[in-house]
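Shown next: work_22.cif, containing mmCIF, C-alpha atoms.
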data_model
#
loop_
_atom_site.label_atom_id
_atom_site.label_comp_id
_atom_site.auth_asym_id
_atom_site.auth_seq_id
_atom_site.Cartn_x
_atom_site.Cartn_y
_atom_site.Cartn_z
CA MET A 20 0.00 0.00 0.00
CA LYS A 21 1.36 3.39 -0.99
CA ARG A 22 1.94 5.70 1.97
CA THR A 23 2.91 9.32 2.47
CA LEU A 24 5.19 10.67 5.20
CA ALA A 25 4.88 14.38 6.07
CA MET A 26 7.90 16.16 7.53
CA VAL A 27 7.00 19.55 9.01
CA LEU A 28 9.85 22.05 9.38
CA ALA A 29 9.00 23.90 12.59
CA GLY A 30 12.36 25.04 13.90
CA GLY A 31 12.53 28.56 12.48
CA GLU A 32 13.47 31.44 14.76
CA GLY A 33 11.15 33.90 13.01
CA GLU A 34 13.23 36.95 13.96
CA ARG A 35 11.07 39.35 11.93
CA LEU A 36 8.17 38.74 14.33
CA SER A 37 10.13 40.65 16.96
CA ILE A 38 9.31 39.75 20.57
CA LEU A 39 6.38 37.52 19.54
CA SER A 40 8.87 34.82 18.55
CA SER A 41 11.52 35.58 21.16
CA VAL A 42 9.96 33.17 23.67
CA ARG A 43 8.57 30.56 21.27
CA ALA A 44 9.14 29.06 17.84
CA LYS A 45 7.34 30.93 15.08
CA PRO A 46 4.95 28.00 14.38
CA ALA A 47 3.78 28.27 18.01
CA VAL A 48 2.79 31.94 17.74
CA PRO A 49 -0.97 32.35 18.39
CA PHE A 50 -3.14 33.25 15.41
CA GLY A 51 -6.83 33.96 14.88
CA GLY A 52 -7.64 33.99 18.57
CA LYS A 53 -7.61 30.33 19.62
CA TYR A 54 -5.15 28.81 17.13
CA ARG A 55 -1.38 28.51 16.70
CA ILE A 56 0.27 28.94 13.30
CA ILE A 57 1.26 25.28 13.06
CA ASP A 58 -2.39 24.21 13.46
CA PHE A 59 -3.02 24.99 9.80
CA THR A 60 -0.31 22.67 8.48
CA LEU A 61 -1.26 19.86 10.87
CA SER A 62 -4.94 20.28 9.96
CA ASN A 63 -4.06 20.18 6.27
CA CYS A 64 -2.38 16.83 6.88
CA VAL A 65 -5.26 15.15 8.68
CA ASN A 66 -7.86 16.68 6.36
CA SER A 67 -5.84 15.25 3.46
CA ASP A 68 -5.83 11.79 5.11
CA ILE A 69 -2.11 11.95 5.87
CA ASN A 70 -1.59 10.50 9.33
CA ASP A 71 2.16 9.88 9.45
CA VAL A 72 3.67 13.22 10.50
CA VAL A 73 7.10 14.15 11.82
CA VAL A 74 7.62 17.66 13.23
CA LEU A 75 11.22 18.87 13.27
CA THR A 76 11.62 21.42 16.06
CA GLN A 77 14.61 23.44 17.16
CA TYR A 78 14.32 27.02 18.42
CA ASN A 79 12.46 27.50 21.74
CA PRO A 80 10.45 24.31 21.23
CA ARG A 81 8.81 24.01 24.66
CA SER A 82 5.52 25.78 23.89
CA LEU A 83 5.30 24.02 20.53
CA ASN A 84 5.89 20.63 22.14
CA ASP A 85 3.32 21.38 24.84
CA HIS A 86 0.80 22.47 22.22
CA ILE A 87 1.15 19.43 19.97
CA GLY A 88 1.68 16.86 22.73
CA LEU A 89 0.57 13.44 21.54
CA GLY A 90 -1.39 14.97 18.66
CA ARG A 91 -4.85 14.16 19.97
CA PRO A 92 -6.61 17.34 18.72
CA TRP A 93 -5.59 16.41 15.16
CA ASP A 94 -6.37 12.68 15.60
CA LEU A 95 -2.64 12.00 15.37
CA ASP A 96 -2.27 10.02 18.61
CA ARG A 97 -1.96 6.69 16.82
CA ALA A 98 -0.10 3.45 17.45
CA ARG A 99 1.04 3.39 13.82
CA GLY A 100 2.04 6.68 12.29
CA GLY A 101 0.63 9.63 14.20
CA VAL A 102 2.82 12.60 15.08
CA LYS A 103 6.43 12.52 16.30
CA LEU A 104 8.38 15.54 17.56
CA LEU A 105 12.11 15.46 16.82
CA GLN A 106 14.82 17.90 17.92
CA PRO A 107 18.52 18.19 17.05
CA TYR A 108 20.60 15.67 18.97
CA ILE A 109 24.22 14.76 19.46
CA ALA A 110 25.23 11.74 17.39
CA ARG A 111 28.34 9.68 18.17
CA GLY A 112 31.35 10.98 16.29
CA ARG A 113 29.65 14.23 15.25
CA VAL A 114 30.02 17.78 16.49
CA ALA A 115 26.84 19.00 18.17
CA GLU A 116 25.19 21.72 16.09
CA TRP A 117 21.78 23.08 15.23
CA TYR A 118 20.16 22.51 11.87
CA ARG A 119 21.94 24.68 9.32
CA GLY A 120 18.99 24.91 6.91
CA THR A 121 15.80 23.25 5.73
CA ALA A 122 17.49 20.37 3.88
CA ASP A 123 20.01 19.88 6.67
CA ALA A 124 17.13 19.43 9.15
CA VAL A 125 15.82 16.55 7.03
CA LEU A 126 19.32 15.14 6.50
CA ARG A 127 19.93 15.01 10.28
CA ASN A 128 16.84 12.82 10.50
CA ARG A 129 17.71 10.63 7.54
CA SER A 130 17.06 7.50 9.60
CA VAL A 131 13.36 8.41 9.72
CA LEU A 132 13.27 8.31 5.91
CA GLU A 133 15.30 5.12 5.69
CA HIS A 134 13.01 3.26 8.07
CA SER A 135 9.76 4.61 6.63
CA ASP A 136 7.65 2.46 4.34
CA ALA A 137 6.32 5.57 2.60
CA ASP A 138 7.14 6.06 -1.08
CA ILE A 139 6.24 9.78 -0.99
CA VAL A 140 7.58 12.44 1.39
CA LEU A 141 5.88 15.79 1.89
CA ILE A 142 8.18 18.56 3.08
CA LEU A 143 6.02 21.22 4.73
CA ALA A 144 6.61 24.57 6.39
CA GLY A 145 5.10 24.82 9.85
CA ASP A 146 4.97 28.62 9.86
CA HIS A 147 2.53 29.39 7.03
CA ILE A 148 -1.21 30.07 7.21
CA TYR A 149 -2.99 28.16 4.45
CA LYS A 150 -5.62 25.57 3.59
CA MET A 151 -4.49 22.95 1.09
CA ASP A 152 -5.61 19.46 0.15
CA TYR A 153 -2.34 17.63 -0.44
CA GLN A 154 -3.88 14.69 -2.30
CA PRO A 155 -4.25 16.42 -5.74
CA PHE A 156 -0.70 17.72 -5.21
CA ILE A 157 0.58 14.18 -4.61
CA ALA A 158 -1.49 12.80 -7.51
CA ALA A 159 0.10 15.31 -9.91
CA HIS A 160 3.53 14.28 -8.66
CA ARG A 161 2.81 10.58 -9.25
CA ARG A 162 1.24 11.21 -12.66
CA ARG A 163 4.36 12.96 -13.91
CA ARG A 164 6.71 10.49 -12.23
CA ALA A 165 8.53 13.50 -10.87
CA ASP A 166 11.53 13.50 -8.59
CA VAL A 167 10.14 16.54 -6.81
CA THR A 168 7.05 18.68 -7.26
CA ILE A 169 6.95 22.18 -5.79
CA ALA A 170 3.78 24.05 -4.82
CA VAL A 171 3.85 27.46 -6.52
CA ARG A 172 1.66 30.54 -6.61
CA ARG A 173 1.77 34.05 -7.99
CA VAL A 174 2.98 36.76 -5.61
CA PRO A 175 3.42 40.54 -5.87
CA LEU A 176 6.85 41.33 -7.29
CA ALA A 177 7.60 43.36 -4.17
CA GLU A 178 7.48 40.12 -2.14
CA ALA A 179 9.37 38.01 -4.69
CA THR A 180 12.79 39.11 -3.45
CA ARG A 181 12.44 36.96 -0.30
CA MET A 182 11.21 33.79 -2.05
CA GLY A 183 12.29 31.15 -4.53
CA ILE A 184 11.19 32.41 -7.96
CA LEU A 185 10.76 30.10 -10.93
CA ALA A 186 9.59 29.65 -14.51
CA MET A 187 7.73 26.64 -15.95
CA ASP A 188 7.14 25.32 -19.46
CA GLU A 189 3.78 24.28 -20.90
CA THR A 190 3.95 20.93 -19.06
CA ASP A 191 4.65 22.69 -15.72
CA ARG A 192 8.21 21.40 -15.67
CA ILE A 193 10.42 23.96 -13.93
CA THR A 194 12.96 25.47 -16.31
CA GLU A 195 14.45 28.28 -14.25
CA TRP A 196 15.03 28.98 -10.56
CA GLN A 197 16.11 32.09 -8.67
CA GLU A 198 16.48 31.94 -4.90
CA LYS A 199 15.56 35.28 -3.28
CA PRO A 200 16.60 37.31 -6.33
CA LYS A 201 17.25 41.04 -6.13
CA GLN A 202 15.65 41.40 -9.57
CA PRO A 203 13.04 38.64 -9.99
CA ARG A 204 12.25 37.61 -13.55
CA SER A 205 8.90 36.07 -12.67
CA ASP A 206 6.05 36.37 -10.18
CA LEU A 207 5.75 32.60 -9.72
CA ALA A 208 7.04 31.74 -6.26
CA SER A 209 7.72 28.55 -4.35
CA MET A 210 5.52 28.12 -1.28
CA GLY A 211 8.23 26.09 0.44
CA VAL A 212 5.99 23.02 0.14
CA TYR A 213 7.47 20.00 -1.67
CA VAL A 214 6.49 16.47 -2.68
CA PHE A 215 9.53 14.21 -3.08
CA SER A 216 9.74 10.62 -4.12
CA ARG A 217 11.46 9.09 -1.10
CA LYS A 218 14.25 7.54 -3.16
CA SER A 219 14.91 10.86 -4.88
CA LEU A 220 14.98 12.75 -1.58
CA LEU A 221 17.48 10.30 -0.09
CA ARG A 222 19.61 10.63 -3.21
CA TRP A 223 19.76 14.41 -3.17
CA LEU A 224 20.30 14.97 0.54
CA ASP A 225 23.95 15.84 1.06
CA GLU A 226 26.19 17.48 3.67
CA GLU A 227 26.91 20.33 1.24
CA ARG A 228 23.26 20.98 0.38
CA ILE A 229 21.89 22.54 3.53
CA ASP A 230 18.83 24.32 2.11
CA PHE A 231 16.18 23.14 -0.35
CA GLY A 232 15.73 26.46 -2.13
CA SER A 233 19.37 27.48 -2.24
CA HIS A 234 21.03 24.13 -2.88
CA VAL A 235 18.89 21.02 -3.42
CA ILE A 236 16.49 22.32 -6.08
CA PRO A 237 19.22 24.11 -8.13
CA ALA A 238 21.38 20.95 -8.01
CA MET A 239 18.48 18.82 -9.22
CA LEU A 240 17.74 21.23 -12.08
CA ASP A 241 21.41 21.32 -13.11
CA ALA A 242 21.46 17.51 -13.20
CA GLY A 243 18.33 17.27 -15.33
CA ALA A 244 16.12 15.75 -12.62
CA ARG A 245 12.35 15.76 -13.11
CA VAL A 246 11.40 18.93 -11.23
CA TYR A 247 7.80 20.11 -11.63
CA GLY A 248 5.59 22.86 -10.29
CA TYR A 249 2.05 22.54 -8.97
CA ARG A 250 -0.04 25.69 -9.27
CA PHE A 251 -1.96 26.53 -6.10
CA ALA A 252 -4.60 29.26 -6.15
CA GLY A 253 -6.04 28.89 -2.65
CA TYR A 254 -5.38 30.94 0.47
CA TRP A 255 -1.75 31.07 1.61
CA GLN A 256 0.12 33.58 3.74
CA ASP A 257 3.66 33.61 5.05
CA VAL A 258 3.09 35.71 8.17
CA GLY A 259 6.77 36.46 8.50
CA THR A 260 6.57 40.10 9.58
CA ILE A 261 4.66 42.02 12.24
CA GLN A 262 2.70 43.83 9.51
CA SER A 263 1.78 40.68 7.57
CA TYR A 264 0.86 38.90 10.81
CA TRP A 265 -1.42 41.77 11.86
CA GLU A 266 -2.97 42.02 8.38
CA ALA A 267 -3.69 38.26 8.23
CA ASN A 268 -5.49 38.44 11.58
CA MET A 269 -7.48 41.52 10.55
CA ALA A 270 -8.46 39.81 7.26
CA LEU A 271 -10.42 37.26 9.30
CA LEU A 272 -12.86 40.00 10.33
CA VAL A 273 -14.32 40.91 6.93
CA ASP A 274 -17.78 39.65 5.95
CA HIS A 275 -16.50 36.94 3.63
CA PRO A 276 -12.89 36.19 4.64
CA GLU A 277 -10.67 34.38 2.17
CA LEU A 278 -9.63 32.12 5.04
CA ASP A 279 -12.96 30.81 6.34
CA LEU A 280 -12.51 29.39 9.83
CA ASN A 281 -16.16 28.32 9.81
CA ASP A 282 -15.70 25.95 6.88
CA LYS A 283 -17.12 22.66 8.20
CA GLU A 284 -15.63 20.80 5.23
CA TRP A 285 -12.09 21.80 6.26
CA LEU A 286 -11.88 22.20 10.01
CA VAL A 287 -8.82 23.77 11.58
CA HIS A 288 -8.05 21.68 14.65
CA THR A 289 -6.24 22.94 17.72
CA LYS A 290 -5.51 22.16 21.34
CA SER A 291 -8.29 23.93 23.20
CA GLU A 292 -8.67 23.87 26.96
CA GLU A 293 -12.07 24.00 28.61
CA ARG A 294 -13.24 27.49 29.47
CA ALA A 295 -16.56 29.17 30.10
CA PRO A 296 -18.38 30.76 27.15
CA ALA A 297 -17.48 34.37 26.32
CA LYS A 298 -19.47 36.85 28.42
CA LEU A 299 -20.57 40.34 27.37
CA GLY A 300 -21.48 42.60 30.28
CA PRO A 301 -24.24 45.28 30.29
CA THR A 302 -21.83 48.00 29.12
CA ALA A 303 -20.10 45.88 26.45
CA GLN A 304 -20.02 46.85 22.78
CA VAL A 305 -18.45 44.51 20.24
CA HIS A 306 -18.18 45.27 16.51
CA ARG A 307 -16.64 43.10 13.78
CA SER A 308 -14.36 41.10 16.07
CA LEU A 309 -13.38 37.56 17.01
CA ILE A 310 -14.06 36.90 20.70
CA SER A 311 -12.80 33.57 22.01
CA HIS A 312 -14.22 31.47 24.82
CA GLY A 313 -13.44 32.57 28.35
CA CYS A 314 -13.40 36.27 27.44
CA VAL A 315 -15.23 38.76 29.67
CA ILE A 316 -16.06 42.06 27.95
CA ASP A 317 -17.36 45.11 29.82
CA GLY A 318 -15.85 47.71 27.48
CA THR A 319 -15.74 48.27 23.70
CA VAL A 320 -14.03 45.98 21.20
CA VAL A 321 -13.83 47.07 17.55
CA ASN A 322 -12.19 45.23 14.65
CA SER A 323 -10.03 43.11 16.93
CA VAL A 324 -9.05 39.51 17.65
CA LEU A 325 -9.20 38.34 21.27
CA SER A 326 -7.78 35.01 22.43
CA PRO A 327 -9.33 32.91 25.21
CA GLY A 328 -9.50 34.43 28.68
CA VAL A 329 -9.05 38.09 27.73
CA ARG A 330 -10.78 40.62 30.02
CA VAL A 331 -11.74 44.12 28.87
CA GLY A 332 -12.72 46.45 31.71
CA MET A 333 -15.57 48.96 31.83
CA GLY A 334 -14.96 51.99 29.63
CA ALA A 335 -11.91 50.40 27.98
CA VAL A 336 -11.55 50.43 24.18
CA VAL A 337 -9.73 47.82 22.10
CA ARG A 338 -9.48 48.84 18.45
CA ASP A 339 -7.73 47.25 15.42
CA SER A 340 -5.71 45.07 17.77
CA ILE A 341 -4.70 41.49 18.62
CA VAL A 342 -4.90 40.55 22.30
CA MET A 343 -3.62 37.12 23.27
CA PHE A 344 -4.53 34.62 25.99
CA ASP A 345 -5.50 35.83 29.48
CA SER A 346 -4.51 39.46 29.03
CA VAL A 347 -6.34 42.01 31.18
CA ILE A 348 -7.28 45.48 29.90
CA GLY A 349 -8.06 47.80 32.80
CA SER A 350 -10.98 50.20 32.97
CA ARG A 351 -10.82 53.23 30.64
CA ALA A 352 -7.64 51.92 28.95
CA VAL A 353 -7.29 52.30 25.17
CA ILE A 354 -5.54 49.77 22.93
CA ASP A 355 -5.22 50.98 19.33
CA ARG A 356 -3.47 49.06 16.52
CA ALA A 357 -1.38 47.01 18.89
CA ILE A 358 -0.45 43.38 19.52
CA LEU A 359 -0.47 42.21 23.14
CA ASP A 360 1.13 38.85 23.87
CA LYS A 361 -0.18 36.43 26.50
CA GLU A 362 -0.97 37.48 30.09
CA VAL A 363 -0.32 41.19 29.60
CA ILE A 364 -1.89 43.49 32.21
CA VAL A 365 -2.80 47.03 31.16
CA GLY A 366 -3.48 49.41 34.02
CA PRO A 367 -6.59 51.63 34.19
CA GLY A 368 -6.53 54.65 31.91
CA ALA A 369 -3.39 53.58 30.04
CA ILE A 370 -3.20 54.27 26.30
CA ILE A 371 -1.27 51.99 23.95
CA GLY A 372 -0.86 53.14 20.34
CA GLU A 373 -1.29 56.89 20.15
CA GLY A 374 0.38 59.42 17.89
CA PRO A 375 1.83 59.27 14.35
CA ASP A 376 2.93 56.10 12.55
CA ASP A 377 6.54 57.27 12.58
CA PRO A 378 9.35 57.23 13.51
CA PRO A 379 10.14 53.50 13.35
CA ASN A 380 11.29 51.70 16.44
CA LYS A 381 14.85 52.70 17.23
CA ALA A 382 15.88 49.20 18.34
CA GLU A 383 14.09 47.32 15.52
CA PRO A 384 13.58 49.80 12.66
CA THR A 385 13.12 47.11 9.99
CA ARG A 386 10.53 45.16 12.02
CA LEU A 387 8.43 47.82 13.76
CA ASN A 388 7.85 50.58 11.25
CA THR A 389 4.17 50.52 10.24
CA GLY A 390 2.60 52.01 13.37
CA ILE A 391 1.96 48.77 15.25
CA THR A 392 3.02 48.63 18.90
CA VAL A 393 3.91 45.24 20.40
CA VAL A 394 3.78 44.30 24.09
CA GLY A 395 5.65 41.20 25.21
CA LYS A 396 4.39 38.25 27.23
CA GLN A 397 3.48 38.82 30.90
CA SER A 398 4.27 42.52 30.85
CA VAL A 399 2.52 45.09 33.03
CA ILE A 400 1.59 48.55 31.75
CA PRO A 401 1.16 51.03 34.64
CA ARG A 402 -1.94 53.08 35.28
CA GLY A 403 -2.22 56.15 33.05
CA ALA A 404 0.78 55.28 30.85
CA ARG A 405 0.77 56.78 27.36
CA ILE A 406 2.56 54.65 24.77
CA GLY A 407 3.07 55.70 21.15
CA ARG A 408 3.27 53.70 17.93
CA ASN A 409 6.08 51.43 16.75
CA VAL A 410 6.89 50.89 20.42
CA ARG A 411 8.34 47.64 21.73
CA ILE A 412 7.52 46.69 25.31
CA GLY A 413 9.67 43.66 26.10
CA GLY A 414 8.44 40.51 27.79
CA ASN A 415 8.13 40.40 31.59
CA VAL A 416 8.33 44.18 31.94
CA ARG A 417 6.97 45.44 35.26
CA ALA A 418 5.38 48.77 36.10
CA ALA A 419 8.57 49.68 37.99
CA ASP A 420 10.59 49.30 34.77
CA PHE A 421 8.94 52.40 33.30
CA THR A 422 11.23 55.32 34.08
CA ARG A 423 8.44 57.57 32.79
CA LYS A 424 4.84 56.92 31.92
CA ASN A 425 5.03 58.52 28.47
CA VAL A 426 6.81 56.32 25.88
CA PRO A 427 7.03 58.20 22.55
CA SER A 428 6.59 56.53 19.16
CA GLY A 429 9.65 54.49 18.22
CA GLY A 430 10.67 53.91 21.83
CA SER A 431 11.18 50.72 23.82
CA VAL A 432 10.89 49.51 27.40
CA ASP A 433 12.82 46.44 28.52
CA PRO A 434 12.87 44.66 31.89
CA ALA A 435 15.48 45.87 34.32
CA PRO A 436 18.38 43.39 34.66
CA SER A 437 17.58 42.96 38.34
CA GLY A 438 14.04 41.94 37.37
CA ARG A 439 15.08 38.92 35.40
CA GLY A 440 14.01 35.78 37.12
CA ARG A 441 11.54 37.53 39.47
CA ARG A 442 8.58 35.40 40.27
CA ARG A 443 5.36 36.61 38.76
CA GLY A 444 2.60 37.24 41.28
CA SER A 445 -1.07 36.56 40.79
CA ALA A 446 -3.08 38.48 38.21
CA SER A 447 -4.72 40.49 41.01
CA ASP A 448 -1.33 41.35 42.55
CA GLU A 449 -0.02 42.55 39.19
CA ALA A 450 -3.20 44.51 38.52
CA ASP A 451 -2.75 46.26 41.85
CA THR A 452 0.83 47.14 40.85
CA ALA A 453 -0.37 48.47 37.50
CA ALA A 454 -3.07 50.51 39.22
CA GLY A 455 -0.52 51.99 41.59
#
This entry written out as structure tokens:
Amino acid sequence: MKRTLAMVLAGGEGERLSILSSVRAKPAVPFGGKYRIIDFTLSNCVNSDINDVVVLTQYNPRSLNDHIGLGRPWDLDRARGGVKLLQPYIARGRVAEWYRGTADAVLRNRSVLEHSDADIVLILAGDHIYKMDYQPFIAAHRRRRADVTIAVRRVPLAEATRMGILAMDETDRITEWQEKPKQPRSDLASMGVYVFSRKSLLRWLDEERIDFGSHVIPAMLDAGARVYGYRFAGYWQDVGTIQSYWEANMALLVDHPELDLNDKEWLVHTKSEERAPAKLGPTAQVHRSLISHGCVIDGTVVNSVLSPGVRVGMGAVVRDSIVMFDSVIGSRAVIDRAILDKEVIVGPGAIIGEGPDDPPNKAEPTRLNTGITVVGKQSVIPRGARIGRNVRIGGNVRAADFTRKNVPSGGSVDPAPSGRGRRRGSASDEADTAAG
């Protein structure tokens, strides 16, 4: 019986997501309220009847490992197949090192391929948001007897410089390849999603070829291997920047979103703990927003995405923002075009995201430059603070770390060195500190 093995590359550091990926791997970053980014790839697998999945982790893997666990939410807790989580390890006679690239990550786990009875191997990115049935993709690969088939889609030329760009002939055989070109000659881009024949993949893995886009695919083309493209026209987003991440979340709020989370024919599965239903108090107003279970709203929420357990106090306003798990917005506080990581506490009357969209953040000018302010995990914003745009509030910042309550656009606040390792008190204790 023909079988397919899926190998999910989930070890990326995701530096362009700033502090959102400083405490977790990019695939573990929350998305769409209740989900994590990797949920979409794992759901694509099970919805495509692919139940043999290996996830290759590396950078800050703890939250990702905790989230996936045994794979039960995706029906991947199986005696045969199921999901396996693999990390870099020290092999006898080898120098310990992290994965050097996408192909190197697979090479370091070559034994998984050698012992698999699958004849097809899917190489998937764990940090993309998309819905894709892999079976037509695999069928096209088999029909052409290809060595590798690459999922491709058209992209704006402005984005093409950070992707693998290609050209195909009338049979969809790839004839040209440019990896992250400064001057792209096409708008057809690789999605970083590959179908390999297992024998071909084993043949082309090599110590010198550490990345699929930069080394493996060009080497295969130079050698005349059967390299084909598969055109994909469905929803796909590489949420690799703060702006693209924010935009992808906001796109879920339109009347007919391109990514329909309510599609019963293609469910997105996730680990979801039991919480009470969302509660709207007598003074609550909610407009065009996603409100997850466990939320308690007494203020106003407009065009925003709230994860489970978020509390919005009376008179508070959350606008054009993403607020993650168990954050607390104090009374009369205003959150405007901001991203708050998990368990953030905003003191009463504080304002986050006021003023012009410039200047960019002084510490991260290439990452925080579109007016979005980001607050790190478990940080506390003091009562009455006024925080501008393109501001970075680091993780685990305390009210005492603010040398002044006004943080101008482009500024940053980081935890004091003496505060590192302090034990976090209860939510009520921290709220009292913020109020003081």
On this structure, which residues satisfy the PyMOL selection byres ((chain A and resi 306-319) around 7), written as a PyMOL selection string? chain A and resi 52-53+272+294-305+320-337
Which residue out of A:Val258, A:Ala352, A:Leu105, A:Val167 has the minimum interatomic distance to Lys45 (chain A) when all atoms listed in the file are used?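 Among A:Val258, A:Ala352, A:Leu105, A:Val167, it is A:Val258 that comes nearest to Lys45 (chain A).
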One decimal, in Å: what's the spacing between CA of Trp265 (chain A) and CA of Val171 (chain A)?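 These two atoms are separated by 23.9 Å.
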So which residues get picked by the PyMOL selection byres ((chain A and resi 120) around 12) here, written as a VMD selection string? chain A and resid 28 to 32 75 77 116 to 119 121 to 127 224 to 235
Write the selection just made, keeping C-alpha atoms, as a CSV table (one decimal), in the frame of the given file?
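That gives us out.csv:
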chain,number,residue,atom,x,y,z
A,28,LEU,CA,9.8,22.0,9.4
A,29,ALA,CA,9.0,23.9,12.6
A,30,GLY,CA,12.4,25.0,13.9
A,31,GLY,CA,12.5,28.6,12.5
A,32,GLU,CA,13.5,31.4,14.8
A,75,LEU,CA,11.2,18.9,13.3
A,77,GLN,CA,14.6,23.4,17.2
A,116,GLU,CA,25.2,21.7,16.1
A,117,TRP,CA,21.8,23.1,15.2
A,118,TYR,CA,20.2,22.5,11.9
A,119,ARG,CA,21.9,24.7,9.3
A,121,THR,CA,15.8,23.2,5.7
A,122,ALA,CA,17.5,20.4,3.9
A,123,ASP,CA,20.0,19.9,6.7
A,124,ALA,CA,17.1,19.4,9.2
A,125,VAL,CA,15.8,16.6,7.0
A,126,LEU,CA,19.3,15.1,6.5
A,127,ARG,CA,19.9,15.0,10.3
A,224,LEU,CA,20.3,15.0,0.5
A,225,ASP,CA,24.0,15.8,1.1
A,226,GLU,CA,26.2,17.5,3.7
A,227,GLU,CA,26.9,20.3,1.2
A,228,ARG,CA,23.3,21.0,0.4
A,229,ILE,CA,21.9,22.5,3.5
A,230,ASP,CA,18.8,24.3,2.1
A,231,PHE,CA,16.2,23.1,-0.4
A,232,GLY,CA,15.7,26.5,-2.1
A,233,SER,CA,19.4,27.5,-2.2
A,234,HIS,CA,21.0,24.1,-2.9
A,235,VAL,CA,18.9,21.0,-3.4
What is the distance, in Å and to one decimal place, between CA of Gly88 (chain A) and CA of Val102 (chain A)? 8.8 Å
Select all residues near (-0.7, 34.2, -7.2) (cut-off 10 Å, inclusive, file coordinates), counting all atoms listed in the file, and output them as an MDAnalysis selection string. chainID A and resid 171:175 206:208 250:255
Dump of C-alpha atoms for the selected residues, as a tab-separated table (two decimals), keeping the file's coordinate frame:
chain	number	residue	atom	x	y	z
A	171	VAL	CA	3.85	27.46	-6.52
A	172	ARG	CA	1.66	30.54	-6.61
A	173	ARG	CA	1.77	34.05	-7.99
A	174	VAL	CA	2.98	36.76	-5.61
A	175	PRO	CA	3.42	40.54	-5.87
A	206	ASP	CA	6.05	36.37	-10.18
A	207	LEU	CA	5.75	32.60	-9.72
A	208	ALA	CA	7.04	31.74	-6.26
A	250	ARG	CA	-0.04	25.69	-9.27
A	251	PHE	CA	-1.96	26.53	-6.10
A	252	ALA	CA	-4.60	29.26	-6.15
A	253	GLY	CA	-6.04	28.89	-2.65
A	254	TYR	CA	-5.38	30.94	0.47
A	255	TRP	CA	-1.75	31.07	1.61
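Restricting the calculation to only C-alpha atoms, the smallest distance between Ser428 (chain A) and any of A:Gly395, A:Pro276, A:Gly374, A:Gly413 is found for A:Gly374.
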Counting only C-alpha atoms, I want the residues whose atoms come within 7 Å of (11.9, 48.2, 32.4) in the file frame, returned as a PDB file with C-alpha atoms, in the coordinates of the input.
ATOM      1  CA  VAL A 416       8.330  44.180  31.940  1.00  0.00           C
ATOM      2  CA  ARG A 417       6.970  45.440  35.260  1.00  0.00           C
ATOM      3  CA  ALA A 419       8.570  49.680  37.990  1.00  0.00           C
ATOM      4  CA  ASP A 420      10.590  49.300  34.770  1.00  0.00           C
ATOM      5  CA  PHE A 421       8.940  52.400  33.300  1.00  0.00           C
ATOM      6  CA  VAL A 432      10.890  49.510  27.400  1.00  0.00           C
ATOM      7  CA  ASP A 433      12.820  46.440  28.520  1.00  0.00           C
ATOM      8  CA  PRO A 434      12.870  44.660  31.890  1.00  0.00           C
ATOM      9  CA  ALA A 435      15.480  45.870  34.320  1.00  0.00           C
TER      10      ALA A 435
END
Can you spit out region 172-197 of chain A with C-alpha atoms, as a PDB file, in the first residue's frame, from the structure just given?
ATOM      1  CA  ARG A 172       1.656  30.537  -6.606  1.00  0.00           C
ATOM      2  CA  ARG A 173       1.766  34.045  -7.986  1.00  0.00           C
ATOM      3  CA  VAL A 174       2.976  36.758  -5.611  1.00  0.00           C
ATOM      4  CA  PRO A 175       3.425  40.536  -5.868  1.00  0.00           C
ATOM      5  CA  LEU A 176       6.850  41.332  -7.289  1.00  0.00           C
ATOM      6  CA  ALA A 177       7.595  43.360  -4.171  1.00  0.00           C
ATOM      7  CA  GLU A 178       7.483  40.125  -2.144  1.00  0.00           C
ATOM      8  CA  ALA A 179       9.372  38.014  -4.694  1.00  0.00           C
ATOM      9  CA  THR A 180      12.794  39.110  -3.449  1.00  0.00           C
ATOM     10  CA  ARG A 181      12.439  36.962  -0.301  1.00  0.00           C
ATOM     11  CA  MET A 182      11.210  33.795  -2.052  1.00  0.00           C
ATOM     12  CA  GLY A 183      12.291  31.149  -4.533  1.00  0.00           C
ATOM     13  CA  ILE A 184      11.190  32.408  -7.965  1.00  0.00           C
ATOM     14  CA  LEU A 185      10.764  30.097 -10.931  1.00  0.00           C
ATOM     15  CA  ALA A 186       9.595  29.654 -14.511  1.00  0.00           C
ATOM     16  CA  MET A 187       7.734  26.642 -15.948  1.00  0.00           C
ATOM     17  CA  ASP A 188       7.141  25.324 -19.456  1.00  0.00           C
ATOM     18  CA  GLU A 189       3.779  24.278 -20.900  1.00  0.00           C
ATOM     19  CA  THR A 190       3.946  20.928 -19.062  1.00  0.00           C
ATOM     20  CA  ASP A 191       4.645  22.690 -15.716  1.00  0.00           C
ATOM     21  CA  ARG A 192       8.206  21.398 -15.674  1.00  0.00           C
ATOM     22  CA  ILE A 193      10.417  23.959 -13.935  1.00  0.00           C
ATOM     23  CA  THR A 194      12.957  25.466 -16.307  1.00  0.00           C
ATOM     24  CA  GLU A 195      14.452  28.281 -14.253  1.00  0.00           C
ATOM     25  CA  TRP A 196      15.026  28.979 -10.560  1.00  0.00           C
ATOM     26  CA  GLN A 197      16.112  32.091  -8.669  1.00  0.00           C
TER      27      GLN A 197
END
